[in-house]
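Colleague: Coordinates in structure.cif, mmCIF, N, CA, C and O atoms, are listed below.
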data_input
loop_
_atom_site.label_atom_id
_atom_site.label_comp_id
_atom_site.auth_asym_id
_atom_site.auth_seq_id
_atom_site.Cartn_x
_atom_site.Cartn_y
_atom_site.Cartn_z
N MET Q 1 6.57 -2.92 -6.72
CA MET Q 1 5.91 -2.05 -7.68
C MET Q 1 4.55 -2.66 -8.02
O MET Q 1 4.46 -3.87 -8.21
N LYS Q 2 3.56 -1.81 -8.11
CA LYS Q 2 2.22 -2.28 -8.47
C LYS Q 2 2.23 -2.87 -9.88
O LYS Q 2 2.95 -2.41 -10.76
N GLU Q 3 1.41 -3.90 -10.07
CA GLU Q 3 1.38 -4.62 -11.36
C GLU Q 3 1.00 -3.70 -12.52
O GLU Q 3 1.59 -3.79 -13.60
N GLU Q 4 0.03 -2.82 -12.33
CA GLU Q 4 -0.38 -1.91 -13.41
C GLU Q 4 0.75 -0.94 -13.76
O GLU Q 4 0.99 -0.66 -14.94
N VAL Q 5 1.46 -0.44 -12.77
CA VAL Q 5 2.59 0.45 -13.01
C VAL Q 5 3.67 -0.29 -13.79
O VAL Q 5 4.23 0.23 -14.76
N LYS Q 6 3.96 -1.52 -13.38
CA LYS Q 6 4.97 -2.33 -14.06
C LYS Q 6 4.59 -2.56 -15.52
O LYS Q 6 5.42 -2.41 -16.43
N LYS Q 7 3.33 -2.88 -15.76
CA LYS Q 7 2.85 -3.12 -17.13
C LYS Q 7 2.99 -1.85 -17.98
O LYS Q 7 3.46 -1.90 -19.12
N ASN Q 8 2.60 -0.70 -17.42
CA ASN Q 8 2.71 0.56 -18.16
C ASN Q 8 4.17 0.93 -18.41
O ASN Q 8 4.52 1.38 -19.51
N ALA Q 9 5.03 0.72 -17.42
CA ALA Q 9 6.45 1.02 -17.59
C ALA Q 9 7.06 0.14 -18.67
O ALA Q 9 7.85 0.61 -19.51
N GLU Q 10 6.69 -1.13 -18.69
CA GLU Q 10 7.21 -2.03 -19.73
C GLU Q 10 6.71 -1.62 -21.11
O GLU Q 10 7.45 -1.72 -22.09
N ARG Q 11 5.48 -1.15 -21.20
CA ARG Q 11 4.96 -0.69 -22.50
C ARG Q 11 5.70 0.57 -22.95
O ARG Q 11 6.01 0.73 -24.13
N ILE Q 12 5.98 1.47 -22.01
CA ILE Q 12 6.76 2.68 -22.36
C ILE Q 12 8.15 2.28 -22.83
O ILE Q 12 8.66 2.81 -23.81
N LYS Q 13 8.77 1.32 -22.15
CA LYS Q 13 10.09 0.84 -22.56
C LYS Q 13 10.04 0.29 -23.98
O LYS Q 13 10.89 0.63 -24.81
N GLU Q 14 9.06 -0.54 -24.28
CA GLU Q 14 8.91 -1.10 -25.63
C GLU Q 14 8.76 0.02 -26.66
O GLU Q 14 9.37 -0.02 -27.73
N TYR Q 15 7.93 1.00 -26.33
CA TYR Q 15 7.70 2.12 -27.24
C TYR Q 15 9.01 2.86 -27.53
O TYR Q 15 9.31 3.18 -28.68
N LEU Q 16 9.78 3.13 -26.48
CA LEU Q 16 11.03 3.85 -26.67
C LEU Q 16 12.00 3.03 -27.52
O LEU Q 16 12.68 3.59 -28.39
N GLU Q 17 12.06 1.73 -27.29
CA GLU Q 17 12.93 0.88 -28.10
C GLU Q 17 12.47 0.84 -29.55
O GLU Q 17 13.30 0.87 -30.47
N GLU Q 18 11.16 0.82 -29.78
CA GLU Q 18 10.62 0.86 -31.14
C GLU Q 18 10.97 2.16 -31.84
O GLU Q 18 11.08 2.20 -33.07
N HIS Q 19 11.15 3.23 -31.06
CA HIS Q 19 11.49 4.54 -31.62
C HIS Q 19 12.99 4.84 -31.50
O HIS Q 19 13.40 5.99 -31.43
N ARG Q 20 13.77 3.78 -31.46
CA ARG Q 20 15.23 3.81 -31.55
C ARG Q 20 15.95 4.50 -30.40
O ARG Q 20 17.07 5.00 -30.57
N CYS Q 21 15.32 4.52 -29.24
CA CYS Q 21 16.05 4.95 -28.05
C CYS Q 21 16.95 3.79 -27.62
O CYS Q 21 16.61 2.63 -27.81
N LEU Q 22 18.09 4.12 -27.08
CA LEU Q 22 19.10 3.12 -26.73
C LEU Q 22 19.13 2.85 -25.23
O LEU Q 22 18.80 3.73 -24.44
N ASP Q 23 19.55 1.64 -24.86
CA ASP Q 23 19.79 1.28 -23.46
C ASP Q 23 18.62 1.65 -22.55
O ASP Q 23 18.81 2.22 -21.47
N VAL Q 24 17.42 1.33 -22.97
CA VAL Q 24 16.23 1.68 -22.18
C VAL Q 24 16.15 0.75 -20.97
O VAL Q 24 16.26 -0.47 -21.10
N GLU Q 25 16.01 1.35 -19.79
CA GLU Q 25 15.94 0.60 -18.55
C GLU Q 25 14.78 1.07 -17.70
O GLU Q 25 14.39 2.24 -17.76
N ILE Q 26 14.26 0.15 -16.91
CA ILE Q 26 13.25 0.47 -15.91
C ILE Q 26 13.89 0.24 -14.55
O ILE Q 26 14.41 -0.84 -14.28
N LEU Q 27 13.89 1.28 -13.71
CA LEU Q 27 14.40 1.15 -12.35
C LEU Q 27 13.21 1.11 -11.39
O LEU Q 27 12.43 2.06 -11.34
N ASP Q 28 13.10 0.05 -10.63
CA ASP Q 28 12.04 -0.08 -9.63
C ASP Q 28 12.47 0.68 -8.38
O ASP Q 28 13.35 0.24 -7.64
N LEU Q 29 11.87 1.83 -8.15
CA LEU Q 29 12.22 2.67 -7.01
C LEU Q 29 11.28 2.49 -5.83
O LEU Q 29 11.49 3.10 -4.78
N SER Q 30 10.25 1.69 -5.99
CA SER Q 30 9.20 1.61 -4.97
C SER Q 30 9.71 1.26 -3.57
O SER Q 30 9.18 1.80 -2.60
N PRO Q 31 10.73 0.42 -3.40
CA PRO Q 31 11.19 0.15 -2.04
C PRO Q 31 11.93 1.32 -1.39
O PRO Q 31 12.02 1.40 -0.18
N GLU Q 32 12.48 2.23 -2.20
CA GLU Q 32 13.35 3.29 -1.70
C GLU Q 32 12.78 4.70 -1.81
O GLU Q 32 13.34 5.63 -1.26
N CYS Q 33 11.72 4.87 -2.55
CA CYS Q 33 11.26 6.21 -2.91
C CYS Q 33 9.77 6.38 -2.58
O CYS Q 33 8.96 5.51 -2.88
N SER Q 34 9.42 7.52 -1.99
CA SER Q 34 8.02 7.75 -1.62
C SER Q 34 7.23 8.53 -2.67
O SER Q 34 6.01 8.58 -2.61
N TRP Q 35 7.90 9.11 -3.65
CA TRP Q 35 7.20 9.99 -4.59
C TRP Q 35 7.01 9.41 -5.98
O TRP Q 35 6.32 10.00 -6.81
N THR Q 36 7.59 8.26 -6.29
CA THR Q 36 7.34 7.58 -7.56
C THR Q 36 7.68 6.10 -7.40
O THR Q 36 8.40 5.73 -6.48
N ASP Q 37 7.15 5.28 -8.29
CA ASP Q 37 7.43 3.84 -8.24
C ASP Q 37 8.61 3.44 -9.12
O ASP Q 37 9.33 2.50 -8.80
N CYS Q 38 8.78 4.13 -10.25
CA CYS Q 38 9.87 3.73 -11.13
C CYS Q 38 10.30 4.84 -12.06
O CYS Q 38 9.57 5.81 -12.30
N PHE Q 39 11.52 4.69 -12.57
CA PHE Q 39 12.05 5.50 -13.65
C PHE Q 39 12.11 4.63 -14.89
O PHE Q 39 12.47 3.45 -14.80
N VAL Q 40 11.79 5.21 -16.03
CA VAL Q 40 12.10 4.61 -17.33
C VAL Q 40 13.12 5.56 -17.95
O VAL Q 40 12.83 6.74 -18.15
N ILE Q 41 14.31 5.04 -18.21
CA ILE Q 41 15.41 5.87 -18.71
C ILE Q 41 15.81 5.36 -20.09
O ILE Q 41 16.02 4.16 -20.28
N GLY Q 42 15.91 6.29 -21.04
CA GLY Q 42 16.35 5.93 -22.38
C GLY Q 42 17.29 6.97 -22.95
O GLY Q 42 17.19 8.15 -22.60
N THR Q 43 18.20 6.53 -23.79
CA THR Q 43 19.16 7.43 -24.43
C THR Q 43 18.69 7.77 -25.84
O THR Q 43 18.34 6.88 -26.61
N VAL Q 44 18.68 9.07 -26.14
CA VAL Q 44 18.34 9.54 -27.48
C VAL Q 44 19.64 9.87 -28.21
O VAL Q 44 20.66 10.13 -27.58
N THR Q 45 19.59 9.85 -29.52
CA THR Q 45 20.81 10.02 -30.31
C THR Q 45 21.10 11.46 -30.71
O THR Q 45 22.21 11.76 -31.13
N SER Q 46 20.10 12.33 -30.58
CA SER Q 46 20.29 13.74 -30.93
C SER Q 46 19.14 14.55 -30.35
O SER Q 46 18.13 13.99 -29.91
N VAL Q 47 19.26 15.87 -30.38
CA VAL Q 47 18.19 16.73 -29.91
C VAL Q 47 16.95 16.56 -30.80
O VAL Q 47 15.83 16.52 -30.31
N GLY Q 48 17.16 16.38 -32.10
CA GLY Q 48 16.04 16.13 -33.00
C GLY Q 48 15.32 14.84 -32.67
O GLY Q 48 14.09 14.78 -32.69
N HIS Q 49 16.08 13.81 -32.36
CA HIS Q 49 15.50 12.52 -31.95
C HIS Q 49 14.69 12.72 -30.67
O HIS Q 49 13.56 12.23 -30.56
N LEU Q 50 15.25 13.43 -29.70
CA LEU Q 50 14.55 13.72 -28.44
C LEU Q 50 13.23 14.42 -28.71
O LEU Q 50 12.18 14.00 -28.20
N LYS Q 51 13.25 15.46 -29.51
CA LYS Q 51 12.03 16.21 -29.80
C LYS Q 51 10.99 15.34 -30.50
O LYS Q 51 9.81 15.42 -30.20
N GLY Q 52 11.44 14.50 -31.42
CA GLY Q 52 10.52 13.63 -32.13
C GLY Q 52 9.87 12.61 -31.21
O GLY Q 52 8.65 12.39 -31.26
N VAL Q 53 10.66 11.98 -30.35
CA VAL Q 53 10.12 10.99 -29.43
C VAL Q 53 9.15 11.65 -28.46
O VAL Q 53 8.05 11.14 -28.22
N VAL Q 54 9.52 12.78 -27.90
CA VAL Q 54 8.64 13.48 -26.95
C VAL Q 54 7.34 13.88 -27.63
O VAL Q 54 6.25 13.74 -27.06
N HIS Q 55 7.43 14.35 -28.85
CA HIS Q 55 6.22 14.77 -29.58
C HIS Q 55 5.28 13.59 -29.81
O HIS Q 55 4.06 13.72 -29.69
N GLN Q 56 5.83 12.42 -30.10
CA GLN Q 56 5.03 11.24 -30.44
C GLN Q 56 4.51 10.47 -29.22
O GLN Q 56 3.47 9.82 -29.31
N ILE Q 57 5.20 10.53 -28.11
CA ILE Q 57 4.90 9.63 -26.99
C ILE Q 57 3.59 9.99 -26.27
O ILE Q 57 3.01 9.16 -25.57
N TRP Q 58 3.09 11.21 -26.48
CA TRP Q 58 1.86 11.61 -25.78
C TRP Q 58 0.68 10.74 -26.20
O TRP Q 58 -0.22 10.49 -25.39
N GLY Q 59 0.68 10.24 -27.42
CA GLY Q 59 -0.39 9.33 -27.85
C GLY Q 59 -0.39 8.04 -27.04
O GLY Q 59 -1.45 7.54 -26.66
N LEU Q 60 0.80 7.51 -26.75
CA LEU Q 60 0.91 6.32 -25.92
C LEU Q 60 0.40 6.61 -24.50
O LEU Q 60 -0.35 5.81 -23.94
N PHE Q 61 0.80 7.74 -23.95
CA PHE Q 61 0.34 8.07 -22.59
C PHE Q 61 -1.18 8.17 -22.54
O PHE Q 61 -1.81 7.68 -21.60
N ASN Q 62 -1.78 8.78 -23.55
CA ASN Q 62 -3.24 8.87 -23.61
C ASN Q 62 -3.86 7.47 -23.70
O ASN Q 62 -4.85 7.19 -23.03
N GLU Q 63 -3.28 6.61 -24.53
CA GLU Q 63 -3.76 5.24 -24.69
C GLU Q 63 -3.71 4.47 -23.37
O GLU Q 63 -4.60 3.68 -23.06
N LEU Q 64 -2.66 4.71 -22.57
CA LEU Q 64 -2.50 4.02 -21.29
C LEU Q 64 -3.26 4.70 -20.15
O LEU Q 64 -3.27 4.19 -19.04
N GLY Q 65 -3.88 5.85 -20.44
CA GLY Q 65 -4.62 6.58 -19.41
C GLY Q 65 -3.72 7.31 -18.43
O GLY Q 65 -4.10 7.57 -17.29
N LEU Q 66 -2.51 7.68 -18.87
CA LEU Q 66 -1.55 8.38 -18.03
C LEU Q 66 -1.55 9.86 -18.36
O LEU Q 66 -1.68 10.24 -19.53
N SER Q 67 -1.39 10.69 -17.36
CA SER Q 67 -1.28 12.12 -17.62
C SER Q 67 -0.03 12.66 -16.92
O SER Q 67 0.34 12.22 -15.85
N ALA Q 68 0.60 13.61 -17.58
CA ALA Q 68 1.84 14.19 -17.07
C ALA Q 68 1.54 15.48 -16.31
O ALA Q 68 0.67 16.25 -16.71
N SER Q 69 2.29 15.67 -15.25
CA SER Q 69 2.12 16.90 -14.47
C SER Q 69 3.02 18.02 -14.99
O SER Q 69 2.95 19.13 -14.48
N ASN Q 70 3.81 17.75 -16.01
CA ASN Q 70 4.77 18.76 -16.48
C ASN Q 70 4.89 18.79 -18.00
O ASN Q 70 5.99 18.87 -18.52
N ARG Q 71 3.80 18.75 -18.71
CA ARG Q 71 3.88 18.71 -20.18
C ARG Q 71 4.36 20.04 -20.74
O ARG Q 71 3.83 21.10 -20.43
N HIS Q 72 5.40 19.95 -21.58
CA HIS Q 72 5.96 21.13 -22.26
C HIS Q 72 5.57 21.07 -23.72
O HIS Q 72 5.40 20.01 -24.28
N LYS Q 73 5.45 22.25 -24.33
CA LYS Q 73 5.13 22.28 -25.76
C LYS Q 73 6.28 21.71 -26.58
O LYS Q 73 6.07 21.04 -27.58
N SER Q 74 7.49 21.99 -26.16
CA SER Q 74 8.65 21.49 -26.89
C SER Q 74 9.79 21.28 -25.90
O SER Q 74 10.03 22.13 -25.05
N PRO Q 75 10.48 20.14 -26.00
CA PRO Q 75 11.62 19.93 -25.10
C PRO Q 75 12.73 20.92 -25.40
O PRO Q 75 12.86 21.43 -26.51
N GLY Q 76 13.54 21.20 -24.39
CA GLY Q 76 14.66 22.11 -24.56
C GLY Q 76 15.78 21.49 -25.37
O GLY Q 76 15.72 20.33 -25.79
N ASP Q 77 16.81 22.26 -25.58
CA ASP Q 77 17.95 21.82 -26.38
C ASP Q 77 19.09 21.27 -25.53
O ASP Q 77 20.19 21.08 -26.02
N ASP Q 78 18.83 21.02 -24.24
CA ASP Q 78 19.91 20.57 -23.36
C ASP Q 78 20.15 19.06 -23.41
O ASP Q 78 21.11 18.57 -22.84
N GLY Q 79 19.26 18.31 -24.07
CA GLY Q 79 19.47 16.87 -24.21
C GLY Q 79 18.86 16.02 -23.12
O GLY Q 79 19.20 14.85 -22.98
N TRP Q 80 17.93 16.59 -22.33
CA TRP Q 80 17.28 15.81 -21.28
C TRP Q 80 15.85 16.28 -21.15
O TRP Q 80 15.57 17.46 -20.97
N GLU Q 81 14.93 15.34 -21.25
CA GLU Q 81 13.52 15.64 -21.02
C GLU Q 81 13.01 14.70 -19.93
O GLU Q 81 13.14 13.47 -20.03
N LEU Q 82 12.46 15.27 -18.88
CA LEU Q 82 11.87 14.51 -17.78
C LEU Q 82 10.36 14.65 -17.91
O LEU Q 82 9.83 15.75 -18.02
N ILE Q 83 9.66 13.51 -17.92
CA ILE Q 83 8.20 13.51 -18.01
C ILE Q 83 7.68 12.82 -16.75
O ILE Q 83 7.90 11.63 -16.54
N ASP Q 84 6.99 13.59 -15.91
CA ASP Q 84 6.50 13.09 -14.63
C ASP Q 84 5.07 12.60 -14.79
O ASP Q 84 4.15 13.38 -14.95
N LEU Q 85 4.91 11.28 -14.74
CA LEU Q 85 3.59 10.65 -14.86
C LEU Q 85 3.07 10.18 -13.51
O LEU Q 85 2.16 9.36 -13.44
N GLY Q 86 3.66 10.67 -12.44
CA GLY Q 86 3.26 10.26 -11.10
C GLY Q 86 4.01 9.01 -10.68
O GLY Q 86 5.13 9.08 -10.19
N ASP Q 87 3.40 7.84 -10.88
CA ASP Q 87 4.02 6.57 -10.50
C ASP Q 87 5.21 6.20 -11.39
O ASP Q 87 6.02 5.36 -11.02
N ILE Q 88 5.28 6.83 -12.57
CA ILE Q 88 6.37 6.57 -13.52
C ILE Q 88 6.98 7.91 -13.90
O ILE Q 88 6.25 8.85 -14.24
N VAL Q 89 8.31 7.99 -13.85
CA VAL Q 89 9.01 9.18 -14.33
C VAL Q 89 9.89 8.74 -15.49
O VAL Q 89 10.71 7.82 -15.35
N VAL Q 90 9.69 9.36 -16.65
CA VAL Q 90 10.43 9.02 -17.87
C VAL Q 90 11.56 10.02 -18.04
O VAL Q 90 11.33 11.24 -17.98
N HIS Q 91 12.78 9.52 -18.22
CA HIS Q 91 13.95 10.35 -18.48
C HIS Q 91 14.45 10.00 -19.87
O HIS Q 91 14.88 8.86 -20.11
N LEU Q 92 14.39 10.95 -20.78
CA LEU Q 92 14.98 10.79 -22.12
C LEU Q 92 16.20 11.69 -22.15
O LEU Q 92 16.08 12.90 -21.97
N MET Q 93 17.37 11.07 -22.34
CA MET Q 93 18.63 11.80 -22.18
C MET Q 93 19.59 11.52 -23.32
O MET Q 93 19.61 10.41 -23.86
N SER Q 94 20.39 12.53 -23.65
CA SER Q 94 21.51 12.30 -24.56
C SER Q 94 22.52 11.40 -23.85
O SER Q 94 22.50 11.28 -22.61
N SER Q 95 23.39 10.78 -24.59
CA SER Q 95 24.38 9.90 -23.97
C SER Q 95 25.29 10.69 -23.02
O SER Q 95 25.69 10.19 -21.97
N GLU Q 96 25.59 11.94 -23.38
CA GLU Q 96 26.43 12.77 -22.51
C GLU Q 96 25.74 13.05 -21.18
O GLU Q 96 26.35 12.94 -20.12
N MET Q 97 24.46 13.43 -21.23
CA MET Q 97 23.70 13.71 -20.01
C MET Q 97 23.56 12.44 -19.17
O MET Q 97 23.71 12.48 -17.95
N ARG Q 98 23.26 11.34 -19.83
CA ARG Q 98 23.06 10.09 -19.10
C ARG Q 98 24.34 9.65 -18.40
O ARG Q 98 24.32 9.20 -17.25
N SER Q 99 25.45 9.80 -19.08
CA SER Q 99 26.74 9.44 -18.49
C SER Q 99 27.09 10.37 -17.32
O SER Q 99 27.56 9.92 -16.28
N PHE Q 100 26.84 11.66 -17.49
CA PHE Q 100 27.20 12.64 -16.47
C PHE Q 100 26.35 12.45 -15.20
O PHE Q 100 26.88 12.42 -14.09
N TYR Q 101 25.04 12.33 -15.36
CA TYR Q 101 24.15 12.24 -14.19
C TYR Q 101 24.04 10.82 -13.65
O TYR Q 101 23.72 10.64 -12.48
N ASN Q 102 24.26 9.81 -14.47
CA ASN Q 102 24.31 8.42 -14.07
C ASN Q 102 23.24 8.03 -13.04
O ASN Q 102 23.56 7.63 -11.91
N LEU Q 103 22.00 8.17 -13.43
CA LEU Q 103 20.88 7.90 -12.52
C LEU Q 103 20.88 6.46 -12.02
O LEU Q 103 20.49 6.20 -10.88
N GLU Q 104 21.33 5.54 -12.85
CA GLU Q 104 21.38 4.14 -12.43
C GLU Q 104 22.32 3.97 -11.24
O GLU Q 104 22.02 3.22 -10.30
N LYS Q 105 23.45 4.66 -11.24
CA LYS Q 105 24.38 4.57 -10.12
C LYS Q 105 23.83 5.29 -8.90
O LYS Q 105 23.97 4.82 -7.78
N LEU Q 106 23.20 6.43 -9.13
CA LEU Q 106 22.62 7.20 -8.02
C LEU Q 106 21.59 6.37 -7.27
O LEU Q 106 21.52 6.41 -6.05
N TRP Q 107 20.81 5.58 -8.01
CA TRP Q 107 19.78 4.73 -7.42
C TRP Q 107 20.24 3.27 -7.40
O TRP Q 107 19.44 2.36 -7.58
N LYS Q 108 21.50 3.01 -7.16
CA LYS Q 108 22.09 1.68 -7.31
C LYS Q 108 21.48 0.61 -6.43
O LYS Q 108 21.60 -0.57 -6.72
N LYS Q 109 20.81 0.96 -5.35
CA LYS Q 109 20.20 -0.03 -4.48
C LYS Q 109 18.95 -0.65 -5.10
O LYS Q 109 18.50 -1.69 -4.65
N VAL Q 110 18.38 0.00 -6.10
CA VAL Q 110 17.10 -0.46 -6.64
C VAL Q 110 17.29 -1.53 -7.70
O VAL Q 110 18.37 -1.69 -8.26
N GLU Q 111 16.21 -2.23 -7.98
CA GLU Q 111 16.24 -3.32 -8.95
C GLU Q 111 15.97 -2.79 -10.35
O GLU Q 111 15.08 -1.98 -10.56
N THR Q 112 16.76 -3.27 -11.32
CA THR Q 112 16.51 -2.96 -12.72
C THR Q 112 15.66 -4.06 -13.30
O THR Q 112 15.96 -5.24 -13.15
N LEU Q 113 14.54 -3.69 -13.94
CA LEU Q 113 13.64 -4.69 -14.53
C LEU Q 113 14.00 -4.94 -15.97
O LEU Q 113 14.46 -4.13 -16.67
#
If you convert what's in this file into structure tokens, what do you get?

Modeller:
Amino acid sequence: MKEEVKKNAERIKEYLEEHRCLDVEILDLSPECSWTDCFVIGTVTSVGHLKGVVHQIWGLFNELGLSASNRHKSPGDDGWELIDLGDIVVHLMSSEMRSFYNLEKLWKKVETL
């Protein structure tokens, strides 16, 4: 993974932890994936928490010079928001969604940072 991508992913992880997201992980996908370098995955505690984090995180993305290819005005009520930043894809998920889709297991060959 490129050093700048790693630095930005780690800053996003810190931000999510500061905003009470649980079990935040960075998966380095660069050896296995051609369309992104990493996932940042975090668990939110409720739909309200998800909406609040998504609403606030755009300031961090602007500060880091990152732009999303899929910005929504408001996240849905399904408990999962995917934010595609190109080299970094952020997944904010309810515990139920995270357990069901288990992205860490799906990408089990990759390194967790």

Colleague: Q:Leu27, Q:His19, Q:Gly42, Q:Glu4: which is nearest Lys105 (chain Q), counting only C-alpha atoms?

Modeller: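 Of Q:Leu27, Q:His19, Q:Gly42, Q:Glu4, the one nearest Lys105 (chain Q) is Q:Leu27, counting only C-alpha atoms.
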
Colleague: In Å to one decimal, how far is atom N of Asp84 (chain Q) from atom C of Trp35 (chain Q)?

Modeller: 10.8 Å

Colleague: For the structure provided, state which residues fall under the PyMOL selection byres (((chain Q and resi 60 and name CA) around 12) and name CA), and present them as an MDAnalysis selection string.

Modeller: chainID Q and resid 8:9 11:16 53:59 61:68

Colleague: Go through chain Q and collect every residue that DSSP, computed from the backbone, puts in strand (DSSP E); the answer should be as a ChimeraX atom specification.

Modeller: /Q:22-28,38-44,80-84,88-94,111-112

Colleague: Evaluated on this file, the PyMOL selection byres ((chain Q and resi 81) around 8) picks out some residues - which ones are they, written as an MDAnalysis selection string?

Modeller: chainID Q and resid 40 42 50 54 75:76 78:80 82:84 89:94

Colleague: Limited to N, CA, C and O atoms, could you put the picked residues into a file as a PDB file, in the frame of the given file?

Modeller:
ATOM      1  N   VAL Q  40      11.790   5.210 -16.030  1.00  0.00           N
ATOM      2  CA  VAL Q  40      12.100   4.610 -17.330  1.00  0.00           C
ATOM      3  C   VAL Q  40      13.120   5.560 -17.950  1.00  0.00           C
ATOM      4  O   VAL Q  40      12.830   6.740 -18.150  1.00  0.00           O
ATOM      5  N   GLY Q  42      15.910   6.290 -21.040  1.00  0.00           N
ATOM      6  CA  GLY Q  42      16.350   5.930 -22.380  1.00  0.00           C
ATOM      7  C   GLY Q  42      17.290   6.970 -22.950  1.00  0.00           C
ATOM      8  O   GLY Q  42      17.190   8.150 -22.600  1.00  0.00           O
ATOM      9  N   LEU Q  50      15.250  13.430 -29.700  1.00  0.00           N
ATOM     10  CA  LEU Q  50      14.550  13.720 -28.440  1.00  0.00           C
ATOM     11  C   LEU Q  50      13.230  14.420 -28.710  1.00  0.00           C
ATOM     12  O   LEU Q  50      12.180  14.000 -28.200  1.00  0.00           O
ATOM     13  N   VAL Q  54       9.520  12.780 -27.900  1.00  0.00           N
ATOM     14  CA  VAL Q  54       8.640  13.480 -26.950  1.00  0.00           C
ATOM     15  C   VAL Q  54       7.340  13.880 -27.630  1.00  0.00           C
ATOM     16  O   VAL Q  54       6.250  13.740 -27.060  1.00  0.00           O
ATOM     17  N   PRO Q  75      10.480  20.140 -26.000  1.00  0.00           N
ATOM     18  CA  PRO Q  75      11.620  19.930 -25.100  1.00  0.00           C
ATOM     19  C   PRO Q  75      12.730  20.920 -25.400  1.00  0.00           C
ATOM     20  O   PRO Q  75      12.860  21.430 -26.510  1.00  0.00           O
ATOM     21  N   GLY Q  76      13.540  21.200 -24.390  1.00  0.00           N
ATOM     22  CA  GLY Q  76      14.660  22.110 -24.560  1.00  0.00           C
ATOM     23  C   GLY Q  76      15.780  21.490 -25.370  1.00  0.00           C
ATOM     24  O   GLY Q  76      15.720  20.330 -25.790  1.00  0.00           O
ATOM     25  N   ASP Q  78      18.830  21.020 -24.240  1.00  0.00           N
ATOM     26  CA  ASP Q  78      19.910  20.570 -23.360  1.00  0.00           C
ATOM     27  C   ASP Q  78      20.150  19.060 -23.410  1.00  0.00           C
ATOM     28  O   ASP Q  78      21.110  18.570 -22.840  1.00  0.00           O
ATOM     29  N   GLY Q  79      19.260  18.310 -24.070  1.00  0.00           N
ATOM     30  CA  GLY Q  79      19.470  16.870 -24.210  1.00  0.00           C
ATOM     31  C   GLY Q  79      18.860  16.020 -23.120  1.00  0.00           C
ATOM     32  O   GLY Q  79      19.200  14.850 -22.980  1.00  0.00           O
ATOM     33  N   TRP Q  80      17.930  16.590 -22.330  1.00  0.00           N
ATOM     34  CA  TRP Q  80      17.280  15.810 -21.280  1.00  0.00           C
ATOM     35  C   TRP Q  80      15.850  16.280 -21.150  1.00  0.00           C
ATOM     36  O   TRP Q  80      15.570  17.460 -20.970  1.00  0.00           O
ATOM     37  N   LEU Q  82      12.460  15.270 -18.880  1.00  0.00           N
ATOM     38  CA  LEU Q  82      11.870  14.510 -17.780  1.00  0.00           C
ATOM     39  C   LEU Q  82      10.360  14.650 -17.910  1.00  0.00           C
ATOM     40  O   LEU Q  82       9.830  15.750 -18.020  1.00  0.00           O
ATOM     41  N   ILE Q  83       9.660  13.510 -17.920  1.00  0.00           N
ATOM     42  CA  ILE Q  83       8.200  13.510 -18.010  1.00  0.00           C
ATOM     43  C   ILE Q  83       7.680  12.820 -16.750  1.00  0.00           C
ATOM     44  O   ILE Q  83       7.900  11.630 -16.540  1.00  0.00           O
ATOM     45  N   ASP Q  84       6.990  13.590 -15.910  1.00  0.00           N
ATOM     46  CA  ASP Q  84       6.500  13.090 -14.630  1.00  0.00           C
ATOM     47  C   ASP Q  84       5.070  12.600 -14.790  1.00  0.00           C
ATOM     48  O   ASP Q  84       4.150  13.380 -14.950  1.00  0.00           O
ATOM     49  N   VAL Q  89       8.310   7.990 -13.850  1.00  0.00           N
ATOM     50  CA  VAL Q  89       9.010   9.180 -14.330  1.00  0.00           C
ATOM     51  C   VAL Q  89       9.890   8.740 -15.490  1.00  0.00           C
ATOM     52  O   VAL Q  89      10.710   7.820 -15.350  1.00  0.00           O
ATOM     53  N   VAL Q  90       9.690   9.360 -16.650  1.00  0.00           N
ATOM     54  CA  VAL Q  90      10.430   9.020 -17.870  1.00  0.00           C
ATOM     55  C   VAL Q  90      11.560  10.020 -18.040  1.00  0.00           C
ATOM     56  O   VAL Q  90      11.330  11.240 -17.980  1.00  0.00           O
ATOM     57  N   HIS Q  91      12.780   9.520 -18.220  1.00  0.00           N
ATOM     58  CA  HIS Q  91      13.950  10.350 -18.480  1.00  0.00           C
ATOM     59  C   HIS Q  91      14.450  10.000 -19.870  1.00  0.00           C
ATOM     60  O   HIS Q  91      14.880   8.860 -20.110  1.00  0.00           O
ATOM     61  N   LEU Q  92      14.390  10.950 -20.780  1.00  0.00           N
ATOM     62  CA  LEU Q  92      14.980  10.790 -22.120  1.00  0.00           C
ATOM     63  C   LEU Q  92      16.200  11.690 -22.150  1.00  0.00           C
ATOM     64  O   LEU Q  92      16.080  12.900 -21.970  1.00  0.00           O
ATOM     65  N   MET Q  93      17.370  11.070 -22.340  1.00  0.00           N
ATOM     66  CA  MET Q  93      18.630  11.800 -22.180  1.00  0.00           C
ATOM     67  C   MET Q  93      19.590  11.520 -23.320  1.00  0.00           C
ATOM     68  O   MET Q  93      19.610  10.410 -23.860  1.00  0.00           O
ATOM     69  N   SER Q  94      20.390  12.530 -23.650  1.00  0.00           N
ATOM     70  CA  SER Q  94      21.510  12.300 -24.560  1.00  0.00           C
ATOM     71  C   SER Q  94      22.520  11.400 -23.850  1.00  0.00           C
ATOM     72  O   SER Q  94      22.500  11.280 -22.610  1.00  0.00           O
TER      73      SER Q  94
END

Colleague: With distances taken over only N, CA, C and O atoms, which residue among Q:Val5, Q:Met97, Q:Ile88, Q:Val24 lies nearest Thr36 (chain Q)?

Modeller: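 The shortest atom-to-atom distance to Thr36 (chain Q) comes from Q:Ile88.
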
Colleague: Quick one, how far is atom C of Gly52 (chain Q) from atom C of Arg20 (chain Q)?

Modeller: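 These atoms are spaced 10.2 Å apart.
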
Colleague: Provide the atom C of Leu85 (chain Q) to atom N of Ser69 (chain Q) distance in Å, to one decimal place.

Modeller: 5.8 Å

Colleague: Using DSSP on the backbone coordinates, identify all residues within chain Q classified as alpha helix (DSSP H); present the result as a PyMOL selection string.

Modeller: chain Q and resi 3-18+47-64+95-101+103-106

Colleague: Here is a test: counting all atoms listed in the file, which residue of Q:Asn70, Q:Ser99, Q:Phe39, Q:Ser46 is nearest to Asp87 (chain Q)?

Modeller: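 Among the listed residues, Q:Phe39 lies closest to Asp87 (chain Q).
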